[in-house]
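Trainee: Quick one: the structure is below, and I'll ask about it shortly.
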Amino acid sequence: MFSVCGSQLESNKSSRHWRSFAISAASVASVALMAQTASAAESKSFAVNMFTVATIQTEENCPHGLNPLSDVYYERELKRLGYEPDEIEDLMKDFPSGGYQPIVINRGRDEDGNPVNIYAHPYAQPDPHLMLVEGKAGYGFNLDGKVSDDDFNDPVTGEKGIDNQLWRAIGCTHNYHISLPEIALYPYAQWDGTRDTSGAWLITVSGVDDWNNDSEVTVTFDKAIEPIIRDANGNTVADMTFRVDPSSRSTSVAKGAIKNGELTTEPFHFFFVSDPGVMPEFDLKDARVRATFTEDGEMDAYLGGFHDYMKFYWAMAQGGWTFEHSTGLDLPGIYNALKKVADFDPDPKTGQNRAVSGTWWFDAVPAYIISPENVAQNQ
Amino acid sequence: MRNVFKFGAKQAGYISVAAALALTGCAPGETDMASSLPAVSPDVGGPTVVRRLTRNQYETIIHDLFGKSVVVGGPFEPDVRENGLLAVGASNVSIASTGLESYTNMARNIVAQVFESERREMLLGCTPAAVDQPDDACAEQFLERVGRYMYRRPLTEDELQDRVAAANEATKIRGDFYLGLETSLVTMLVSPNFLFIHESSEPDPNNPGFERLDAYSKATRLSFFLWNNAPDERLLDAAESGALHTRKGVIEQVDRMLDSPQVAEGVRGFFSDMLEFDHFDTLSKDQVLYPKFNFTVAEAAQEQTLRTIVDHLLVKEGDYRDLYTTGNTFLTRPLAALYQVPLSSLSNEWVPYEFPQDAQQAGILTHASFVSLHSHPARTSPTLRGMALREVLLCQKVPDPPGDVDFKIVQDTENPNFKTVRQRLDAHASEPMCVGCHKITDPMGLALENYDTIGGFRTSENGEPIDTSGSLDGAAFTDAKGLGLAVRNNPSTSSCIVDRVYSYGVGRKPTKMESDWLKEIVLKDFEANGYQFRNLLRRVAISDPFFRVTSPEADESAPALASAEPNN
């Protein structure tokens, strides 16, 4: 037990809302995980540093090139709406500023042919038919247990049958045309722009007897009261102490196992209230985690699952024209692509799948965590 | 017959020493210590000095005068350290022309803020009859008041009338009373009377043939010593009334100042100087290798040590030597992350923290402020750390390295044959020209090798376990905590702090006679009183030598204090 400022910081517990500290006698950040022989029921906690869509580009992925940027698709839409070339040229002469903006913002048409906001009504224009990923390289998990033509092959594990239709929908856009460890611009800007003010994402791996091999461990996700603090390189400072938000809805628990130093979880429901700038709520069904640990005690992980595709769409569409132009993501195109590739949770009436498989990558640094019970006690 | 004191372990002088020590064991204020302090030979004193205000003192005075919201700016002339202290170096520096330009710019910026419409009515204390006309009465009232504080004495009549005339003339030229007053105030802010702390002496009627500081110089010396600030109204009043020329008056003011919260600022000022925290201004660390260290953490590291010192010495009235062994300190969340310990606090709030008994962190030697300041940007330096320990904490001079030293072995951290710095230093220090100095520095620095260049704890280097064993002047240790204990118990630790405190107060190195007195009387007092720092400050501040003025010639020719008569 530690006693800091009168509050008792607890070691392992087995309750659902269990939280932990890094109680190893040696420094968490300085002991190589692979070399460590664990004493009974250890735990380690982490704070997420970077969180992004897992992207990989290969020559085969986008054989027909990338989807166009905003100047191209705005011109296309103006043409579709009946504007003549000289009118289009005039409307777009000051691009990205210009008179074309209200037109393309309201390029949707309702049943009576009246203009409607296309971002609120992405179905109100013809499908632009974005080019989709055709290659086989894609990060993730075999969520449905099957191997089909639609699936990807994970570049790290080599596993086939990877379900990541989100990648298929967005992978041939300029914004996501990048491979990890480089990070796509839009998700980077989303995450980096919000993590200074939004409660940190916390992860605890507990019930560990052996960090190399252990068939029963628990992985707990939580949200902190405090945001992260950055180090001199702009990354999350390691070994910071966080208080778990006791009122948070962002608690997800998964059972897992460690094999040869790699942690994997069983399917679980991952629910996390994020920052609206990133995604108001992450709600992954059949979620999985796969993680490894570095010599510095950091975590490198993938999170996959099925997500309501409209929520993913709305996270983008809330930015309207500003988002669509600055990211080069044709939003009605994205909407239609997601709808096309959605692969889970069919609507009982229409049969349309409502969720899409996706994979995210994140890294995390060692952290100390104070449980919500102790936070409440102090309050 | 003059009262003189017999030093040395002989005859009645020793009895007087013992009596004095026994009597000085009384708690301050419980007895009138005036008669219980041994009288000291009037030879024990030193020359007056003229010290340039340090940056910290300048800022403090401006904020006291015109409010904390006034932005002071810069740049300042660099302060110089001599005899281990900026306070001593301050008496050997001047102001270059570029420096004067900078002070002038700062002054203009400051007064412009002072005379902003929202602030000036409150600060001025009077309203001019007409804004576009001179108002000598109002100007005089303001300038006399601020001048007394700025110059640390009343302005002479000529000085005051000169400043009023300047304000008058400037008002006519600039067409505005406040702008005219600004001009006059700028001239005062760049005056040597403000920028330099002058000390003046006068004949000492109690010791004919000898000199003493005049009353305002006494007030100034006391104030910068105990508060690191200019004298306040009450101290200036005590100077004006002549009270500071009486032992009772001095004790009254010293006790008031020691009881004031401002003494914490004085202690902070002293230790910031002694521990060389000014070097943090130019400290940099490799941010790729050590990203936890940034400007905020550097500031926090200093603050951690200063808070620890103030808490231990003033609040807890602890033994000074225990600063090198205590596990009690204060942390913020980012600092706790540096030390890899859990700590919950709001944002950057400071929280008391006690390292567990089995933790390696104990004493200020293990603070980030010490280990990071005396390290290279990307690697530790046992030699620098050991040298700092000798010179800063033990007042022992380590010779400079020869000019043609080859540091390649030490700097090569990738050498597979020398994985730890101990191995590299052993190889380097085997050179005959190197071994002498490294022998007196490296053992202590190597004890701190568990702390990387920013203060993070580690147990190995390049995969090799770190060996922290060594000895300090015959006291063996196995780790940093053991080193802290060795420093605590080293006689030089207490003699050094006594020397430094006195030097800081008088702004120069102690004379030979002062050194003898410090060693024979003040140090023994300090030891007998449980090494209490507040008591040490008081002992120095109420002592006769603190205000005595002797010429440098008198000190050089004076014999050692071996014959004198007892006080009573």
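All residue names refer to the structure tokens as shown: chains lettered A, B, ... in order, residues numbered from 1 in each chain, ligands numbered from 1 in order.
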Please extract the residues of region 275-507 of chain B with a backbone DSSP assignment of strand (DSSP E) and present them as JSON, numbers by chain.
Mentor: {"B": [328, 329, 330, 331, 351, 352, 353, 354, 460, 461, 464, 465, 470, 471, 472, 475, 476, 477]}
Trainee: Select from region 171-254 of chain B everything DSSP, run on the backbone, classes as helix (DSSP H, G or I), then give the selection as a VMD selection string.
Mentor: chain B and resid 171 to 174 177 to 189 192 to 195 215 to 226 233 to 241 243 to 245 247 to 254
Trainee: Pick the closest to Glu159 (chain B) from B:Ala137, B:Ser191, B:Glu461, B:Pro205: which is it, counting only C-alpha atoms?
Mentor: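 For Glu159 (chain B), the nearest of the given residues is B:Ser191.
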Trainee: I need the chain B residues near chain A as a ChimeraX atom specification; criterion: at most 6 Å, counting only C-alpha atoms.
Mentor: /B:287,291-292,294,337,340,342-344
Trainee: Distance CA of Ser206 (chain A)-CA of Phe272 (chain A), one decimal place?
Mentor: 19.5 Å
Trainee: Which residues are close to region 356-362 of chain A, i.e. within 10 Å by only C-alpha atoms, leaving aside same-chain residues fewer than 4 positions away? Reply as a ChimeraX atom specification.
Mentor: /A:48-55,138-144,162-169,180-181,183,284-291,299-310,312,338-345
Trainee: Could you name the residues that touch Glu464 (chain B) at 12 Å or less, counting only C-alpha atoms, but leaving out those on the same chain fewer than 6 positions away, as a ChimeraX atom specification?
Mentor: /B:416-423,450,458
Trainee: If you keep N, CA and C atoms, can you produce a file of those selected residues as a compact mmCIF listing (two decimals), in the first residue's frame?
Mentor:
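Writing the result to out_33.txt gives the following:
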# COMPACT_ATOMS: atom_id res chain seq x y z
N PRO B 416 31.91 -0.69 -25.62
CA PRO B 416 31.48 -1.95 -24.98
C PRO B 416 32.42 -2.41 -23.88
N ASN B 417 33.64 -1.86 -23.88
CA ASN B 417 34.60 -2.24 -22.84
C ASN B 417 34.39 -1.49 -21.54
N PHE B 418 33.72 -0.36 -21.63
CA PHE B 418 33.46 0.45 -20.42
C PHE B 418 31.98 0.82 -20.40
N LYS B 419 31.18 -0.10 -19.91
CA LYS B 419 29.73 0.10 -20.00
C LYS B 419 29.20 1.11 -19.00
N THR B 420 29.83 1.20 -17.85
CA THR B 420 29.34 2.18 -16.87
C THR B 420 30.32 3.34 -16.78
N VAL B 421 29.82 4.43 -16.25
CA VAL B 421 30.67 5.61 -16.13
C VAL B 421 31.79 5.35 -15.13
N ARG B 422 31.54 4.49 -14.15
CA ARG B 422 32.60 4.15 -13.20
C ARG B 422 33.77 3.52 -13.95
N GLN B 423 33.47 2.64 -14.86
CA GLN B 423 34.53 1.98 -15.63
C GLN B 423 35.26 3.00 -16.51
N ASN B 450 22.77 6.22 -9.54
CA ASN B 450 21.43 5.67 -9.74
C ASN B 450 20.48 6.72 -10.31
N ARG B 458 17.58 4.74 -11.80
CA ARG B 458 17.94 3.60 -12.64
C ARG B 458 18.87 2.70 -11.83
Trainee: Which residue, A:Glu159, A:Glu295, A:Asp127, A:Asp347, has the smallest gap to Ile334 (chain A) when you use only C-alpha atoms?
Mentor: A:Asp127
Trainee: With distances taken over only C-alpha atoms, which residue among A:Asp154, A:Asp94, A:Glu77, A:Asp363 lies nearest Gln125 (chain A)?
Mentor: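 Looking at the shortest contact to Gln125 (chain A), the residue is A:Glu77.
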Trainee: I'd like the neighbourhood of Leu124 (chain B) as a ChimeraX atom specification, where a residue qualifies if any of its atoms comes within 12 Å (using only C-alpha atoms), though same-chain residues fewer than 3 positions away should be ignored.
Mentor: /B:65-66,111,114-121,127-128,137-146,177-178,181-182,185
Trainee: Of the residues B:Gln161, B:Asn83, B:Gln113, B:Gln304, which is the one nearest to Asp499 (chain B), using only C-alpha atoms?
Mentor: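 Using only C-alpha atoms, Asp499 (chain B) sits closest to B:Asn83.
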Trainee: With a distance cut-off of 10 Å and only C-alpha atoms, select the neighbouring residues of Ile103 (chain A), excluding the residue or stretch itself and same-chain residues fewer than 2 positions from it, and output the selection as number ranges by chain.
Mentor: A: 74, 77-78, 81, 91, 99-101, 105-108, 115-117
Trainee: So that I can see what lies close to Val72 (chain B), please list as a PyMOL selection string the residues with an atom at most 8 Å from it, counting only C-alpha atoms and leaving out residues fewer than 3 positions away in the same chain.
Mentor: chain B and resi 59+62+106+109-110
Trainee: Using only C-alpha atoms for the distances, tell me which of A:Glu262, A:Asp149, A:Glu373, A:Asp330 is nearest to Asp210 (chain A).
Mentor: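 Comparing A:Glu262, A:Asp149, A:Glu373, A:Asp330 against Asp210 (chain A), the winner is A:Glu262.
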Trainee: Quick one: pull the distance between CA of Leu202 (chain A) and CA of Ser45 (chain A), Å, one decimal.
Mentor: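 These two atoms are separated by 7.2 Å.
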Trainee: At what distance in Å, to one decimal, does CA of Thr194 (chain A) lie from CA of Gly277 (chain A)?
Mentor: 6.7 Å
